[in-house]
$ cat structure_9.txt   # compact mmCIF, C-alpha atoms
# COMPACT_ATOMS: atom_id res chain seq x y z
CA MET A 5 110.79 87.76 67.75
CA LYS A 6 109.96 90.56 65.36
CA LYS A 7 112.80 92.43 63.73
CA GLY A 8 111.95 95.71 65.49
CA GLY A 9 111.88 94.09 68.89
CA LEU A 10 115.22 92.39 68.23
CA VAL A 11 116.83 95.69 67.26
CA ALA A 12 115.52 97.37 70.41
CA LEU A 13 116.87 94.51 72.54
CA VAL A 14 120.29 94.74 70.90
CA LEU A 15 120.42 98.51 71.41
CA LEU A 16 119.44 98.12 75.04
CA LEU A 17 122.12 95.50 75.54
CA ILE A 18 124.75 97.66 73.85
CA GLY A 19 123.74 100.60 76.05
CA GLY A 20 123.96 98.49 79.18
CA ILE A 21 127.38 97.11 78.23
CA GLY A 22 128.57 100.64 77.46
CA ALA A 23 127.39 101.88 80.85
CA TYR A 24 129.09 98.99 82.57
CA ILE A 25 132.42 99.57 80.72
CA TRP A 26 132.23 103.30 81.56
CA TYR A 27 131.61 102.45 85.20
CA ARG A 28 134.55 100.00 85.35
CA LYS A 29 136.95 102.41 83.65
CA LEU A 30 136.07 105.22 86.06
CA GLU A 31 136.37 102.82 89.00
CA ASP A 32 139.82 101.66 87.83
CA LYS A 33 140.96 105.24 87.25
CA GLN A 34 139.90 106.35 90.71
CA THR A 35 141.50 103.28 92.30
CA SER A 36 144.81 103.79 90.45
CA THR A 37 145.06 107.37 91.73
CA GLY A 38 144.40 106.26 95.28
CA LYS A 39 141.03 108.02 95.42
CA PRO A 40 137.83 106.29 96.53
CA TYR A 41 135.91 105.80 93.30
CA ASP A 42 132.57 105.84 95.09
CA THR A 43 132.87 109.58 95.72
CA THR A 44 132.14 109.96 92.01
CA MET A 45 129.98 106.91 91.44
CA LYS A 46 127.45 107.38 94.19
CA PRO A 47 124.59 109.87 94.46
CA ARG A 48 125.65 113.23 95.79
CA VAL A 49 123.62 114.55 98.68
CA GLU A 50 123.33 118.18 99.72
CA MET A 51 121.44 119.29 102.82
CA SER A 52 120.03 122.62 101.74
CA ARG A 53 118.33 123.52 105.01
CA PHE A 54 116.32 122.25 107.93
CA ALA A 55 113.11 123.67 109.30
CA ILE A 56 111.69 123.12 112.78
CA THR A 57 107.94 122.60 112.58
CA ASP A 58 106.86 121.59 116.09
CA ILE A 59 108.44 121.89 119.55
CA ASP A 60 107.15 120.55 122.82
CA GLU A 61 108.60 119.26 126.11
CA ASP A 62 109.55 115.84 124.72
CA THR A 63 110.26 116.12 121.02
CA ILE A 64 111.31 118.49 118.29
CA ARG A 65 109.86 117.77 114.87
CA MET A 66 111.65 119.12 111.85
CA ASN A 67 112.07 118.65 108.11
CA LEU A 68 115.45 118.09 106.46
CA TYR A 69 115.48 119.39 102.88
CA VAL A 70 117.94 117.22 100.94
CA LEU A 71 118.97 117.53 97.28
CA ILE A 72 120.00 114.18 95.75
CA ASP A 73 122.00 114.32 92.52
CA ASN A 74 122.54 111.31 90.24
CA PRO A 75 125.89 111.41 88.32
CA LEU A 76 125.46 107.85 87.00
CA PRO A 77 124.94 107.28 83.25
CA VAL A 78 121.75 105.42 84.10
CA GLY A 79 118.80 106.16 86.35
CA PHE A 80 118.40 104.40 89.63
CA GLN A 81 115.79 103.46 92.18
CA SER A 82 116.19 103.23 95.92
CA PRO A 83 113.51 101.51 98.03
CA LYS A 84 114.40 103.63 101.05
CA LEU A 85 116.96 105.96 102.55
CA ASP A 86 118.35 105.51 106.06
CA TYR A 87 119.74 108.64 107.67
CA THR A 88 121.34 109.87 110.86
CA PHE A 89 121.36 113.54 111.88
CA PHE A 90 124.26 114.96 113.91
CA ILE A 91 124.71 118.22 115.78
CA ALA A 92 128.34 119.00 116.71
CA ASN A 93 129.25 115.42 115.66
CA THR A 94 126.79 113.99 118.19
CA PRO A 95 124.03 111.77 116.75
CA VAL A 96 120.70 113.17 117.85
CA MET A 97 118.32 111.32 115.54
CA VAL A 98 118.21 108.10 113.50
CA ASP A 99 115.37 107.53 111.03
CA ALA A 100 114.45 106.22 107.57
CA TYR A 101 112.64 107.63 104.55
CA LYS A 102 110.59 104.62 103.46
CA LYS A 103 109.16 105.96 100.22
CA PRO A 104 110.83 104.84 96.95
CA ILE A 105 113.23 107.34 95.41
CA GLU A 106 113.73 107.31 91.62
CA ILE A 107 116.14 109.64 89.81
CA LYS A 108 116.91 109.68 86.09
CA SER A 109 120.46 109.79 84.77
CA GLY A 110 122.07 113.21 85.21
CA ASP A 111 119.04 114.46 87.12
CA SER A 112 118.39 115.50 90.72
CA THR A 113 115.45 115.65 93.10
CA LEU A 114 114.58 117.38 96.36
CA VAL A 115 113.49 115.06 99.15
CA VAL A 116 111.93 116.25 102.41
CA LEU A 117 112.98 113.98 105.25
CA PRO A 118 110.83 114.16 108.38
CA ALA A 119 112.85 114.05 111.58
CA LYS A 120 111.91 113.70 115.22
CA LEU A 121 114.50 114.63 117.83
CA VAL A 122 114.38 113.79 121.50
CA TYR A 123 114.41 117.20 123.20
CA LYS A 124 116.58 116.13 126.16
CA LYS A 125 119.25 114.69 123.87
CA MET A 126 119.43 117.87 121.80
CA LEU A 127 119.40 120.01 124.96
CA LYS A 128 122.54 118.28 126.26
CA VAL A 129 124.36 119.10 123.03
CA LEU A 130 123.24 122.74 123.17
CA GLU A 131 124.28 123.04 126.83
CA THR A 132 127.75 121.76 125.95
CA LEU A 133 128.08 124.29 123.12
CA ASP A 134 126.84 127.03 125.43
CA ARG A 135 129.44 126.21 128.10
CA LYS A 136 132.16 126.38 125.46
CA ASP A 137 130.72 129.67 124.13
CA ILE A 138 130.41 128.22 120.60
CA ASP A 139 128.04 130.25 118.43
CA SER A 140 128.20 128.06 115.32
CA THR A 141 128.45 124.34 114.79
CA ASN A 142 128.32 121.53 112.24
CA TYR A 143 124.98 120.04 111.30
CA LYS A 144 125.69 116.73 109.57
CA MET A 145 123.62 114.05 107.91
CA GLN A 146 124.77 110.56 106.99
CA ALA A 147 122.63 108.87 104.34
CA LYS A 148 122.63 105.22 103.29
CA PHE A 149 121.11 104.13 99.95
CA ALA A 150 120.36 100.67 98.66
CA LEU A 151 120.37 101.38 94.92
CA ASP A 152 118.90 99.18 92.24
CA VAL A 153 120.92 100.19 89.16
CA PRO A 154 120.27 98.51 85.78
CA ILE A 155 123.11 96.19 84.67
CA LEU A 156 125.19 97.01 87.75
CA GLY A 157 122.67 95.41 90.11
CA GLN A 158 122.01 96.50 93.66
CA LYS A 159 124.69 98.43 95.51
CA THR A 160 124.73 100.13 98.90
CA PHE A 161 126.21 103.59 99.18
CA VAL A 162 126.86 105.67 102.27
CA THR A 163 127.40 109.40 101.93
CA THR A 164 127.88 112.16 104.47
CA VAL A 165 127.09 115.84 104.10
CA ASP A 166 127.64 118.54 106.66
CA LYS A 167 126.96 122.24 106.88
CA ARG A 168 128.29 124.78 109.35
CA MET A 169 125.55 127.09 110.55
CA PRO A 170 124.80 129.23 113.61
CA THR A 171 123.90 127.25 116.70
CA LEU A 172 120.13 127.31 116.97
CA TYR A 173 118.85 127.63 120.54
CA LEU A 174 115.24 127.11 121.51
CA PRO A 175 113.55 129.88 123.49
CA THR A 176 112.96 129.35 127.20
CA ILE A 177 109.98 130.74 129.11
CA LYS A 178 109.88 131.66 132.77
CA ILE A 179 106.79 132.79 134.69
CA ASP A 180 107.83 135.70 136.90
CA ASP A 181 104.46 136.42 138.45
CA ILE A 182 100.73 135.89 138.08
CA ASP A 183 98.91 138.99 139.28
CA PHE A 184 95.28 138.23 140.08
CA GLY A 185 94.41 141.83 140.91
CA LYS A 186 91.13 142.02 142.79
CA LEU A 187 89.24 138.75 142.82
CA GLY A 188 85.65 139.29 141.71
CA LEU A 189 82.54 137.13 141.47
CA LYS A 190 81.73 137.92 137.84
CA ARG A 191 85.14 138.38 136.21
CA THR A 192 88.75 138.42 137.31
CA ASP A 193 91.41 139.93 135.10
CA VAL A 194 94.79 138.28 135.49
CA ALA A 195 98.18 139.41 134.26
CA ALA A 196 100.82 136.77 133.63
CA LYS A 197 104.27 138.33 133.72
CA VAL A 198 106.65 136.25 131.63
CA SER A 199 110.33 136.35 130.69
CA ILE A 200 111.29 134.86 127.31
CA THR A 201 115.01 134.19 126.83
CA ASN A 202 116.47 134.05 123.33
CA LYS A 203 120.16 133.03 123.09
CA ASN A 204 120.21 133.25 119.30
CA LYS A 205 121.89 136.07 117.42
CA MET A 206 118.68 136.66 115.53
CA PRO A 207 115.49 138.16 116.95
CA PHE A 208 112.17 136.50 116.24
CA ASN A 209 108.47 137.12 116.70
CA ILE A 210 106.02 135.00 118.62
CA THR A 211 102.48 135.16 117.35
CA ASP A 212 99.12 133.47 117.81
CA ALA A 213 99.89 132.79 121.47
CA HIS A 214 97.45 130.81 123.61
CA TYR A 215 97.84 129.87 127.27
CA THR A 216 96.00 128.33 130.19
CA VAL A 217 96.65 128.59 133.93
CA ALA A 218 95.95 125.73 136.33
CA ILE A 219 96.26 125.86 140.12
CA ASP A 220 96.22 122.72 142.21
CA GLY A 221 95.25 120.76 139.10
CA LYS A 222 92.23 122.97 138.25
CA GLU A 223 92.25 125.10 135.13
CA ILE A 224 91.22 128.53 136.38
CA ALA A 225 92.16 130.93 133.59
CA GLU A 226 92.99 131.21 129.92
CA GLY A 227 93.97 133.82 127.39
CA SER A 228 95.38 134.58 123.97
CA GLN A 229 97.58 137.15 122.27
CA PRO A 230 97.21 136.99 118.46
CA GLU A 231 99.42 140.00 117.73
CA PRO A 232 103.16 139.47 117.07
CA ILE A 233 105.56 140.15 119.94
CA LEU A 234 109.24 140.86 119.20
CA ILE A 235 111.68 138.74 121.19
CA LYS A 236 115.09 140.42 121.14
CA ALA A 237 118.29 138.64 120.11
CA GLN A 238 120.64 137.36 122.84
CA ALA A 239 118.46 138.86 125.53
CA THR A 240 115.58 138.20 127.91
CA THR A 241 112.39 139.99 126.89
CA PRO A 242 109.72 140.68 129.53
CA VAL A 243 106.16 140.20 128.31
CA VAL A 244 102.81 140.67 130.08
CA PHE A 245 100.04 138.41 128.81
CA PRO A 246 96.41 139.26 129.63
CA VAL A 247 94.46 136.34 131.07
CA THR A 248 90.79 136.02 132.03
CA ALA A 249 90.02 133.87 135.06
CA HIS A 250 86.94 131.70 135.58
CA PRO A 251 85.48 133.17 138.82
CA GLY A 252 83.85 129.98 140.09
CA LYS A 253 86.98 127.90 139.64
CA THR A 254 89.18 130.67 141.03
CA LEU A 255 87.15 130.91 144.23
CA SER A 256 87.37 127.14 144.71
CA VAL A 257 91.15 127.34 145.08
CA LEU A 258 91.21 130.75 146.80
CA PRO A 259 92.05 129.39 150.30
CA LYS A 260 95.12 127.61 148.93
CA MET A 261 96.09 130.66 146.89
CA LEU A 262 96.07 132.85 150.02
CA PHE A 263 97.19 130.56 152.82
CA ASP A 264 98.98 127.54 151.39
CA LYS A 265 101.11 128.91 148.58
CA LYS A 266 104.14 126.81 149.43
CA ASP A 267 102.37 123.51 148.78
CA THR A 268 100.02 124.65 146.01
CA PRO A 269 101.28 123.77 142.53
CA TYR A 270 100.58 125.75 139.41
CA SER A 271 101.10 125.01 135.71
CA VAL A 272 100.94 127.28 132.69
CA LYS A 273 100.52 125.66 129.29
CA PHE A 274 101.80 127.98 126.57
CA ARG A 275 101.70 127.56 122.80
CA CYS A 276 102.49 129.93 119.94
CA LYS A 277 104.16 130.19 116.55
CA LEU A 278 107.76 131.30 116.03
CA ILE A 279 108.62 133.47 113.03
CA ASP A 280 112.08 134.79 112.28
CA LYS A 281 111.99 138.52 111.60
CA LYS A 282 114.55 138.30 108.79
CA GLY A 283 112.84 135.46 107.02
CA ASN A 284 115.19 132.69 108.15
CA SER A 285 113.41 129.45 107.28
CA SER A 286 114.83 127.43 110.20
CA PHE A 287 111.77 128.19 112.29
CA ALA A 288 109.44 127.85 109.28
CA ASN A 289 106.45 129.27 111.13
CA SER A 290 106.95 126.45 113.64
CA LYS A 291 104.61 125.64 116.49
CA PHE A 292 106.09 125.99 119.95
CA ALA A 293 104.59 124.50 123.10
CA SER A 294 105.86 124.64 126.66
CA THR A 295 104.52 123.82 130.11
CA ILE A 296 105.88 125.82 133.03
CA THR A 297 105.34 124.46 136.55
CA GLY A 298 106.07 125.50 140.12
CA THR A 299 104.31 126.49 143.33
CA LEU A 300 102.49 129.70 144.16
CA ASP A 301 105.25 130.48 146.65
CA ASP A 302 107.37 131.38 143.63
CA PHE A 303 105.23 134.47 143.03
CA LYS A 304 104.78 137.77 144.76
CA LYS A 305 102.11 138.11 147.43
CA LEU A 306 98.66 137.74 145.93
CA LYS A 307 96.49 140.83 146.17
CA LYS A 308 93.39 140.48 148.30

$ encode --input "structure_9.txt" --output "structure tokens"
Amino acid sequence: MKKGGLVALVLLLIGGIGAYIWYRKLEDKQTSTGKPYDTTMKPRVEMSRFAITDIDEDTIRMNLYVLIDNPLPVGFQSPKLDYTFFIANTPVMVDAYKKPIEIKSGDSTLVVLPAKLVYKKMLKVLETLDRKDIDSTNYKMQAKFALDVPILGQKTFVTTVDKRMPTLYLPTIKIDDIDFGKLGLKRTDVAAKVSITNKNKMPFNITDAHYTVAIDGKEIAEGSQPEPILIKAQATTPVVFPVTAHPGKTLSVLPKMLFDKKDTPYSVKFRCKLIDKKGNSSFANSKFASTITGTLDDFKKLKK
């Protein structure tokens, strides 16, 4: 071996031995004081925020923004990160970040963890908080690393981080009435009267709204509202959405609309974007989708 290569190898070995001795001393010190040494010797995780990106009837997709800090005297690699997300100490999502994570000594990195929550599971937690009149709660994440650290080998660390933030409720939409006005052969203007309930302490805007109306399984009308609409905080906001009906399809279900409302189902598919007025990033310009169903008997008498 060349002299230069031998010197480099010796220096690397000395550095590794030094890191190991430093690690053992800190471990012994923490153990002697009765403190868990791994609170110092494991990566520190901070959940900076979460942002909902997509909401529908079954799932809520969101991103968890996590800052990982490396206090070790050497860099490390982790092949993956397993994590569990809790709301009010109830686990609502278990997932894994399967991309390698590499952090240099004394450095930190921001990792975006994609999360998919089952809507019904989260709804049960929110309903419990609502019954107890709790307006803020703990959002917690437990992370598990399998670290490949030079000299020290592979170690598994588990760390938990939690953050108390306002309870975030999802908006609910109720169709109060669908007013068909006068049914015409060429064009029928329809007004969908909707109530949007927002239990949050912050108002938000809905924008880029699109919706379709189906009666007895047939899509008869559609519409859009691109302009922002303010949804008030801790209130129910009435909104009237303009809809244009397809005359031919409307006439095909007209007998049921007039004479068999009790047994004639309807569905309204609604999608929009949610934007917090004050710039809160929790909604993050998220997409919101909802399907509202019922029978025509739920509405006021249709105009002839």

$ residues_near_point --input "structure_9.txt" --point "(119.2, 107.3, 87.9)" --cutoff "12 Å" --atoms "only C-alpha atoms" --output "list in words"
Met45, Lys46, Pro47, Arg48, Ile72, Asp73, Asn74, Pro75, Leu76, Pro77, Val78, Gly79, Phe80, Gln81, Ser82, Ile105, Glu106, Ile107, Lys108, Ser109, Gly110, Asp111, Ser112, Thr113, Leu151, Asp152, Val153, Pro154 and Leu156 of chain A

$ atom_distance --input "structure_9.txt" --atom1 "CA of Val272 (chain A)" --atom2 "CA of Asp301 (chain A)"
15.0 Å

$ closest_residue --input "structure_9.txt" --among "A:Lys128, A:Asp212, A:Asn202, A:Tyr69" --to "Met145 (chain A)" --atoms "all atoms listed in the file"
A:Tyr69

$ atom_distance --input "structure_9.txt" --atom1 "CA of Thr171 (chain A)" --atom2 "CA of Val122 (chain A)"
17.2 Å

$ atom_distance --input "structure_9.txt" --atom1 "CA of Asp302 (chain A)" --atom2 "CA of Val217 (chain A)"
14.7 Å

$ residues_around --input "structure_9.txt" --residues "Leu121 (chain A)" --least-positions-apart "2" --cutoff "9 Å" --atoms "only C-alpha atoms" --output "list in words"
Asp62, Thr63, Ile64, Arg65, Met66, Val96, Met97, Val98, Ala119, Tyr123, Lys124, Lys125 and Met126 of chain A

$ residues_around --input "structure_9.txt" --residues "Asp86 (chain A)" --least-positions-apart "3" --cutoff "9 Å" --atoms "all atoms listed in the file" --output "list in words"
Val98, Asp99, Ala100, Tyr101, Lys102, Gln146, Ala147, Lys148 and Phe149 of chain A

$ write_last_selection --input "structure_9.txt" --atoms "C-alpha atoms" --output "PDB file, in the coordinates of the input"
ATOM      1  CA  VAL A  98     118.210 108.100 113.500  1.00  0.00           C
ATOM      2  CA  ASP A  99     115.370 107.530 111.030  1.00  0.00           C
ATOM      3  CA  ALA A 100     114.450 106.220 107.570  1.00  0.00           C
ATOM      4  CA  TYR A 101     112.640 107.630 104.550  1.00  0.00           C
ATOM      5  CA  LYS A 102     110.590 104.620 103.460  1.00  0.00           C
ATOM      6  CA  GLN A 146     124.770 110.560 106.990  1.00  0.00           C
ATOM      7  CA  ALA A 147     122.630 108.870 104.340  1.00  0.00           C
ATOM      8  CA  LYS A 148     122.630 105.220 103.290  1.00  0.00           C
ATOM      9  CA  PHE A 149     121.110 104.130  99.950  1.00  0.00           C
TER      10      PHE A 149
END

$ closest_residue --input "structure_9.txt" --among "A:Val70, A:Val198, A:Ile59, A:Leu300" --to "Lys266 (chain A)" --atoms "only C-alpha atoms"
A:Leu300

$ closest_residue --input "structure_9.txt" --among "A:Ile91, A:Ile182, A:Met169, A:Leu127" --to "Thr216 (chain A)" --atoms "all atoms listed in the file"
A:Ile182

$ residues_around --input "structure_9.txt" --residues "region 51-54 of chain A" --least-positions-apart "5" --cutoff "10 Å" --atoms "all atoms listed in the file" --output "VMD selection string"
chain A and resid 66 to 72 114 to 119 143 to 145 164 to 167 169 285 to 288

$ closest_residue --input "structure_9.txt" --among "A:Thr176, A:Asn289, A:Ser256, A:Thr268" --to "Ile235 (chain A)" --atoms "only C-alpha atoms"
A:Thr176
